[in-house]
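Dumped entry_10.csv below, it's CSV, N, CA and C atoms:
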```
chain,number,residue,atom,x,y,z
O,1,GLN,N,80.2,-41.6,-4.9
O,1,GLN,CA,81.0,-40.4,-4.6
O,1,GLN,C,81.1,-40.2,-3.1
O,2,VAL,N,82.3,-40.1,-2.6
O,2,VAL,CA,82.5,-39.9,-1.2
O,2,VAL,C,82.2,-38.5,-0.8
O,3,GLN,N,81.4,-38.2,0.2
O,3,GLN,CA,81.2,-36.9,0.7
O,3,GLN,C,81.3,-36.9,2.2
O,4,LEU,N,82.1,-35.9,2.7
O,4,LEU,CA,82.2,-35.7,4.2
O,4,LEU,C,81.7,-34.3,4.5
O,5,VAL,N,80.8,-34.2,5.4
O,5,VAL,CA,80.2,-32.8,5.7
O,5,VAL,C,80.4,-32.6,7.2
O,6,GLU,N,81.2,-31.6,7.5
O,6,GLU,CA,81.4,-31.2,8.9
O,6,GLU,C,80.4,-30.2,9.4
O,7,SER,N,80.1,-30.2,10.6
O,7,SER,CA,79.2,-29.2,11.2
O,7,SER,C,79.5,-29.1,12.7
O,8,GLY,N,79.0,-28.1,13.4
O,8,GLY,CA,79.2,-27.9,14.8
O,8,GLY,C,80.1,-26.9,15.2
O,9,GLY,N,80.8,-26.3,14.3
O,9,GLY,CA,81.8,-25.2,14.7
O,9,GLY,C,81.0,-23.9,15.1
O,10,GLY,N,81.8,-23.0,15.6
O,10,GLY,CA,81.2,-21.8,16.1
O,10,GLY,C,82.1,-21.0,17.0
O,11,LEU,N,81.6,-20.0,17.6
O,11,LEU,CA,82.3,-19.1,18.5
O,11,LEU,C,82.1,-19.6,19.9
O,12,VAL,N,83.2,-19.8,20.7
O,12,VAL,CA,83.0,-20.2,22.1
O,12,VAL,C,84.1,-19.5,22.9
O,13,GLN,N,83.8,-19.3,24.2
O,13,GLN,CA,84.8,-18.7,25.1
O,13,GLN,C,85.8,-19.7,25.6
O,14,VAL,N,86.9,-19.2,26.0
O,14,VAL,CA,87.9,-20.0,26.6
O,14,VAL,C,87.3,-20.9,27.7
O,15,GLY,N,87.7,-22.2,27.7
O,15,GLY,CA,87.2,-23.1,28.7
O,15,GLY,C,85.9,-23.8,28.3
O,16,GLY,N,85.3,-23.3,27.2
O,16,GLY,CA,84.0,-23.9,26.7
O,16,GLY,C,84.2,-25.2,26.0
O,17,SER,N,83.1,-25.7,25.5
O,17,SER,CA,83.0,-26.9,24.7
O,17,SER,C,82.3,-26.8,23.4
O,18,LEU,N,82.6,-27.6,22.5
O,18,LEU,CA,81.9,-27.8,21.3
O,18,LEU,C,82.0,-29.3,20.8
O,19,ARG,N,81.0,-29.7,20.1
O,19,ARG,CA,81.0,-31.0,19.5
O,19,ARG,C,80.9,-30.9,18.0
O,20,LEU,N,81.9,-31.3,17.3
O,20,LEU,CA,81.9,-31.3,15.9
O,20,LEU,C,81.4,-32.7,15.3
O,21,SER,N,80.7,-32.6,14.2
O,21,SER,CA,80.2,-33.8,13.6
O,21,SER,C,80.7,-33.9,12.2
O,22,CYS,N,80.9,-35.1,11.7
O,22,CYS,CA,81.3,-35.3,10.3
O,22,CYS,C,80.3,-36.4,9.8
O,23,ALA,N,79.4,-36.0,8.9
O,23,ALA,CA,78.5,-37.0,8.3
O,23,ALA,C,79.1,-37.5,7.0
O,24,ALA,N,79.1,-38.8,6.8
O,24,ALA,CA,79.7,-39.4,5.6
O,24,ALA,C,78.7,-40.0,4.7
O,25,SER,N,78.9,-39.9,3.5
O,25,SER,CA,78.1,-40.6,2.5
O,25,SER,C,79.0,-41.1,1.4
O,26,GLY,N,78.5,-42.2,0.7
O,26,GLY,CA,79.3,-42.8,-0.3
O,26,GLY,C,80.3,-43.8,0.2
O,27,ILE,N,80.4,-43.9,1.6
O,27,ILE,CA,81.3,-44.9,2.2
O,27,ILE,C,80.6,-45.4,3.5
O,28,PHE,N,81.0,-46.5,4.0
O,28,PHE,CA,80.6,-47.0,5.3
O,28,PHE,C,81.7,-46.8,6.3
O,29,ILE,N,81.5,-45.8,7.2
O,29,ILE,CA,82.6,-45.5,8.1
O,29,ILE,C,83.0,-46.6,9.0
O,30,ARG,N,82.2,-47.6,9.2
O,30,ARG,CA,82.5,-48.7,10.1
O,30,ARG,C,83.7,-49.5,9.6
O,31,VAL,N,84.0,-49.4,8.3
O,31,VAL,CA,85.2,-50.1,7.8
O,31,VAL,C,86.4,-49.2,7.5
O,32,LYS,N,86.2,-48.0,8.0
O,32,LYS,CA,87.3,-47.0,7.6
O,32,LYS,C,87.9,-46.4,8.9
O,33,ASP,N,89.2,-46.0,8.7
O,33,ASP,CA,89.9,-45.2,9.7
O,33,ASP,C,89.5,-43.8,9.4
O,34,MET,N,89.1,-43.0,10.4
O,34,MET,CA,88.7,-41.6,10.2
O,34,MET,C,89.5,-40.7,11.0
O,35,ALA,N,89.6,-39.5,10.6
O,35,ALA,CA,90.5,-38.5,11.3
O,35,ALA,C,89.9,-37.1,11.3
O,36,TRP,N,90.3,-36.3,12.3
O,36,TRP,CA,90.1,-34.9,12.3
O,36,TRP,C,91.4,-34.2,12.2
O,37,TYR,N,91.4,-33.2,11.3
O,37,TYR,CA,92.6,-32.3,11.2
O,37,TYR,C,92.1,-30.9,11.4
O,38,ARG,N,93.1,-30.0,11.6
O,38,ARG,CA,92.7,-28.6,11.8
O,38,ARG,C,93.8,-27.7,11.1
O,39,GLN,N,93.4,-26.5,10.7
O,39,GLN,CA,94.3,-25.6,10.1
O,39,GLN,C,94.0,-24.2,10.6
O,40,ALA,N,95.0,-23.7,11.3
O,40,ALA,CA,94.9,-22.3,11.8
O,40,ALA,C,95.4,-21.3,10.8
O,41,PRO,N,95.0,-20.1,10.9
O,41,PRO,CA,95.4,-19.1,9.9
O,41,PRO,C,96.9,-19.0,9.8
O,42,GLY,N,97.5,-19.1,8.6
O,42,GLY,CA,98.9,-19.0,8.4
O,42,GLY,C,99.7,-20.2,8.8
O,43,LYS,N,99.0,-21.3,9.2
O,43,LYS,CA,99.7,-22.5,9.6
O,43,LYS,C,99.4,-23.7,8.7
O,44,GLN,N,100.2,-24.7,8.8
O,44,GLN,CA,99.9,-25.9,8.1
O,44,GLN,C,98.8,-26.7,8.7
O,45,ARG,N,98.1,-27.5,7.9
O,45,ARG,CA,97.1,-28.4,8.5
O,45,ARG,C,97.8,-29.5,9.3
O,46,GLU,N,97.2,-29.7,10.5
O,46,GLU,CA,97.8,-30.7,11.4
O,46,GLU,C,96.7,-31.7,11.9
O,47,LEU,N,97.2,-32.9,12.2
O,47,LEU,CA,96.4,-34.0,12.6
O,47,LEU,C,96.0,-33.7,14.1
O,48,VAL,N,94.7,-33.9,14.3
O,48,VAL,CA,94.2,-33.7,15.7
O,48,VAL,C,93.9,-35.0,16.4
O,49,ALA,N,93.2,-35.9,15.7
O,49,ALA,CA,92.8,-37.2,16.3
O,49,ALA,C,92.4,-38.1,15.2
O,50,THR,N,92.6,-39.4,15.5
O,50,THR,CA,92.2,-40.5,14.6
O,50,THR,C,91.4,-41.6,15.3
O,51,ILE,N,90.6,-42.3,14.6
O,51,ILE,CA,89.9,-43.4,15.2
O,51,ILE,C,89.9,-44.5,14.1
O,52,THR,N,90.4,-45.7,14.4
O,52,THR,CA,90.4,-46.8,13.5
O,52,THR,C,89.1,-47.5,13.4
O,53,SER,N,89.0,-48.3,12.4
O,53,SER,CA,87.8,-49.1,12.2
O,53,SER,C,87.5,-50.0,13.4
O,54,LEU,N,88.6,-50.3,14.2
O,54,LEU,CA,88.4,-51.1,15.4
O,54,LEU,C,88.2,-50.3,16.6
O,55,GLY,N,88.1,-49.0,16.4
O,55,GLY,CA,87.8,-48.1,17.5
O,55,GLY,C,89.0,-47.6,18.3
O,56,ARG,N,90.2,-47.9,17.8
O,56,ARG,CA,91.4,-47.4,18.5
O,56,ARG,C,91.5,-45.9,18.2
O,57,THR,N,91.9,-45.1,19.2
O,57,THR,CA,92.0,-43.7,19.0
O,57,THR,C,93.4,-43.2,19.3
O,58,MET,N,93.8,-42.1,18.7
O,58,MET,CA,95.1,-41.4,18.8
O,58,MET,C,94.8,-39.9,18.8
O,59,TYR,N,95.6,-39.2,19.6
O,59,TYR,CA,95.4,-37.8,19.7
O,59,TYR,C,96.8,-37.0,19.6
O,60,ALA,N,96.7,-35.8,19.1
O,60,ALA,CA,97.9,-35.0,19.1
O,60,ALA,C,98.1,-34.6,20.6
O,61,ASP,N,99.4,-34.4,20.9
O,61,ASP,CA,99.7,-34.0,22.3
O,61,ASP,C,99.0,-32.8,22.8
O,62,SER,N,98.8,-31.9,21.8
O,62,SER,CA,98.2,-30.6,22.2
O,62,SER,C,96.7,-30.7,22.6
O,63,VAL,N,96.0,-31.8,22.3
O,63,VAL,CA,94.6,-31.9,22.6
O,63,VAL,C,94.3,-33.1,23.5
O,64,LYS,N,95.3,-33.9,23.9
O,64,LYS,CA,95.1,-35.0,24.8
O,64,LYS,C,94.5,-34.6,26.1
O,65,GLY,N,93.5,-35.4,26.5
O,65,GLY,CA,92.8,-35.1,27.7
O,65,GLY,C,91.7,-34.1,27.6
O,66,ARG,N,91.6,-33.4,26.5
O,66,ARG,CA,90.6,-32.4,26.3
O,66,ARG,C,89.6,-32.8,25.1
O,67,PHE,N,90.1,-33.4,24.1
O,67,PHE,CA,89.3,-33.8,23.0
O,67,PHE,C,89.1,-35.3,23.0
O,68,THR,N,87.9,-35.7,22.4
O,68,THR,CA,87.5,-37.1,22.3
O,68,THR,C,86.9,-37.3,20.9
O,69,ILE,N,87.5,-38.3,20.2
O,69,ILE,CA,87.0,-38.6,18.9
O,69,ILE,C,86.1,-39.9,19.1
O,70,SER,N,85.0,-40.0,18.4
O,70,SER,CA,84.1,-41.1,18.5
O,70,SER,C,83.4,-41.3,17.2
O,71,ARG,N,82.7,-42.4,17.1
O,71,ARG,CA,82.0,-42.7,15.9
O,71,ARG,C,80.7,-43.4,16.2
O,72,ASP,N,79.7,-43.1,15.4
O,72,ASP,CA,78.4,-43.8,15.4
O,72,ASP,C,78.2,-44.4,14.1
O,73,ASN,N,78.5,-45.7,14.0
O,73,ASN,CA,78.4,-46.4,12.7
O,73,ASN,C,77.0,-46.4,12.2
O,74,ALA,N,76.0,-46.5,13.0
O,74,ALA,CA,74.6,-46.5,12.6
O,74,ALA,C,74.2,-45.2,11.9
O,75,LYS,N,74.8,-44.1,12.4
O,75,LYS,CA,74.5,-42.8,11.8
O,75,LYS,C,75.6,-42.4,10.7
O,76,ASN,N,76.6,-43.3,10.5
O,76,ASN,CA,77.6,-43.0,9.6
O,76,ASN,C,78.3,-41.7,9.9
O,77,THR,N,78.5,-41.4,11.1
O,77,THR,CA,79.0,-40.1,11.6
O,77,THR,C,80.1,-40.2,12.6
O,78,VAL,N,81.1,-39.3,12.4
O,78,VAL,CA,82.2,-39.2,13.4
O,78,VAL,C,82.1,-37.9,14.1
O,79,TYR,N,82.5,-38.0,15.4
O,79,TYR,CA,82.4,-36.8,16.2
O,79,TYR,C,83.7,-36.4,16.8
O,80,LEU,N,83.8,-35.1,17.2
O,80,LEU,CA,85.0,-34.6,17.9
O,80,LEU,C,84.4,-33.8,19.1
O,81,GLN,N,84.5,-34.3,20.3
O,81,GLN,CA,84.1,-33.6,21.4
O,81,GLN,C,85.3,-32.8,21.9
O,82,MET,N,85.1,-31.5,22.0
O,82,MET,CA,86.2,-30.6,22.4
O,82,MET,C,85.9,-29.9,23.7
O,83,ASN,N,86.6,-30.1,24.7
O,83,ASN,CA,86.4,-29.5,26.0
O,83,ASN,C,87.6,-28.6,26.4
O,84,SER,N,87.4,-27.8,27.4
O,84,SER,CA,88.5,-26.9,27.9
O,84,SER,C,89.2,-26.2,26.7
O,85,LEU,N,88.4,-25.6,25.8
O,85,LEU,CA,89.0,-25.0,24.6
O,85,LEU,C,89.9,-23.8,25.0
O,86,LYS,N,90.9,-23.7,24.2
O,86,LYS,CA,91.9,-22.6,24.3
O,86,LYS,C,91.9,-21.8,23.1
O,87,PRO,N,92.4,-20.5,23.2
O,87,PRO,CA,92.5,-19.7,22.0
O,87,PRO,C,93.3,-20.4,20.8
O,88,GLU,N,94.3,-21.2,21.2
O,88,GLU,CA,95.2,-21.8,20.2
O,88,GLU,C,94.4,-23.0,19.5
O,89,ASP,N,93.2,-23.3,19.9
O,89,ASP,CA,92.4,-24.3,19.2
O,89,ASP,C,91.6,-23.7,18.1
O,90,THR,N,91.7,-22.4,18.0
O,90,THR,CA,91.0,-21.7,16.9
O,90,THR,C,91.6,-22.1,15.5
O,91,ALA,N,90.7,-22.6,14.7
O,91,ALA,CA,91.1,-23.2,13.4
O,91,ALA,C,89.9,-23.6,12.6
O,92,ASP,N,90.1,-23.9,11.3
O,92,ASP,CA,89.2,-24.7,10.5
O,92,ASP,C,89.4,-26.2,10.8
O,93,TYR,N,88.4,-26.9,11.1
O,93,TYR,CA,88.5,-28.3,11.4
O,93,TYR,C,87.9,-29.2,10.3
O,94,TYR,N,88.7,-30.2,9.8
O,94,TYR,CA,88.4,-31.0,8.7
O,94,TYR,C,88.3,-32.4,9.0
O,95,CYS,N,87.3,-33.1,8.5
O,95,CYS,CA,87.2,-34.5,8.6
O,95,CYS,C,87.9,-35.2,7.4
O,96,ASN,N,88.5,-36.3,7.7
O,96,ASN,CA,89.3,-37.0,6.6
O,96,ASN,C,89.2,-38.5,6.7
O,97,THR,N,89.2,-39.1,5.5
O,97,THR,CA,89.4,-40.5,5.4
O,97,THR,C,90.1,-40.8,4.1
O,98,LYS,N,90.5,-42.1,3.9
O,98,LYS,CA,91.1,-42.5,2.6
O,98,LYS,C,90.1,-43.3,1.9
O,99,TYR,N,90.1,-43.2,0.5
O,99,TYR,CA,89.2,-43.9,-0.3
O,99,TYR,C,90.1,-44.4,-1.5
O,100,TYR,N,90.3,-45.7,-1.6
O,100,TYR,CA,91.3,-46.2,-2.6
O,100,TYR,C,92.6,-45.4,-2.6
O,101,ASN,N,93.1,-45.3,-1.3
O,101,ASN,CA,94.4,-44.6,-1.1
O,101,ASN,C,94.4,-43.1,-1.4
O,102,MET,N,93.3,-42.5,-1.7
O,102,MET,CA,93.2,-41.1,-1.9
O,102,MET,C,92.6,-40.4,-0.7
O,103,ASP,N,93.1,-39.3,-0.3
O,103,ASP,CA,92.6,-38.5,0.8
O,103,ASP,C,91.3,-37.9,0.4
O,104,CYS,N,90.3,-38.0,1.3
O,104,CYS,CA,89.0,-37.4,1.1
O,104,CYS,C,88.8,-36.4,2.2
O,105,TRP,N,88.4,-35.2,1.9
O,105,TRP,CA,88.2,-34.1,2.8
O,105,TRP,C,86.8,-33.5,2.7
O,106,GLY,N,86.4,-33.0,3.9
O,106,GLY,CA,85.2,-32.2,3.9
O,106,GLY,C,85.6,-30.8,3.6
O,107,LYS,N,84.6,-29.9,3.7
O,107,LYS,CA,84.9,-28.4,3.5
O,107,LYS,C,85.3,-27.7,4.7
O,108,GLY,N,85.1,-28.4,5.9
O,108,GLY,CA,85.6,-27.8,7.1
O,108,GLY,C,84.5,-27.1,7.9
O,109,THR,N,84.8,-26.9,9.2
O,109,THR,CA,83.9,-26.1,10.0
O,109,THR,C,84.8,-25.2,10.9
O,110,LEU,N,84.5,-24.0,11.0
O,110,LEU,CA,85.4,-23.0,11.7
O,110,LEU,C,85.0,-23.0,13.2
O,111,VAL,N,86.1,-23.2,14.0
O,111,VAL,CA,86.0,-23.0,15.5
O,111,VAL,C,86.8,-21.8,15.9
O,112,THR,N,86.2,-20.9,16.6
O,112,THR,CA,86.8,-19.7,17.1
O,112,THR,C,86.7,-19.7,18.6
O,113,VAL,N,87.8,-19.6,19.3
O,113,VAL,CA,87.8,-19.6,20.8
O,113,VAL,C,88.3,-18.2,21.2
O,114,SER,N,87.4,-17.5,21.9
O,114,SER,CA,87.7,-16.1,22.3
O,114,SER,C,88.1,-16.1,23.7
O,115,SER,N,89.1,-15.2,24.0
O,115,SER,CA,89.6,-15.0,25.3
O,115,SER,C,89.0,-13.8,26.0
```

Using the file provided, produce a representation of the structure as structure tokens.
Amino acid sequence: QVQLVESGGGLVQVGGSLRLSCAASGIFIRVKDMAWYRQAPGKQRELVATITSLGRTMYADSVKGRFTISRDNAKNTVYLQMNSLKPEDTADYYCNTKYYNMDCWGKGTLVTVSS
């Protein structure tokens, strides 16, 4: 059974930083493409960043230059380093991967950026 557990969210001031973690079990992330999504109140879930099994990364325009996705295969964990946070980054952040072509999601971690 695939399980993704996010952590690291919290309340931070504008311009601050947070590092989110996604611990995976039931899969080996070294062979998986992994992603972070976010969903702000009243808005649709949106893709934030992806990292392929080969380590290639992609970012939404809104977070380029501020967020960094990375992976530690030994810890079976994916990270999202978020710097220069803005109020519009406030959202629930979710880890995602596919398992037999089905989306797997964690329960999310809330990030609140106060101005």

Query - Contact residues around range 64-81 of chain O with only C-alpha atoms at 10 Å, ignoring same-chain residues under 2 positions, as an MDAnalysis selection string - result: chainID O and resid 4:8 17:25 27:31 34:36 48:53 55:62 83:85 93 95

Query raised in the report: What does the distance from atom C of Met82 in chain O to atom C of Arg38 in chain O come to in Å, to one decimal?
Result: 15.0 Å

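Atom C of Thr97 in chain O sits 22.3 Å away from atom N of Pro41 in chain O.
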
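For the pair CA of Thr90 in chain O and CA of Gln3 in chain O, the separation is 24.3 Å.
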
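Nearest residue to Gly26 in chain O among O:Ser115, O:Thr109, O:Gln44, O:Gln1 is O:Gln1, counting only N, CA and C atoms.
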
Query raised in the report: Using only C-alpha atoms, which of O:Val113, O:Leu54, O:Cys104, O:Val14 sits nearest Asp92 in chain O?
Result: O:Val113

Report task. Apply DSSP to the structure's backbone, then extract all residues of chain O labelled strand (DSSP E or B) and return them as JSON, numbers by chain. Result -> {"O": [3, 4, 5, 6, 7, 10, 11, 12, 13, 18, 19, 20, 21, 22, 23, 24, 25, 34, 35, 36, 37, 38, 39, 46, 47, 48, 49, 50, 51, 57, 58, 59, 67, 68, 69, 70, 71, 72, 77, 78, 79, 80, 81, 82, 91, 92, 93, 94, 95, 96, 97, 98, 99, 102, 103, 104, 105, 109, 110, 111, 112, 113, 114]}

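Scanning chain O with DSSP on the backbone, the helix (DSSP H, G or I) assignments fall on Ile29, Arg30, Val31, Pro87, Glu88 and Asp89 of chain O.
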
Query raised in the report: From the list O:Arg45, O:Trp105, O:Gln13, O:Tyr99, which residue is nearest Pro87 in chain O when using only N, CA and C atoms?
Result: O:Gln13
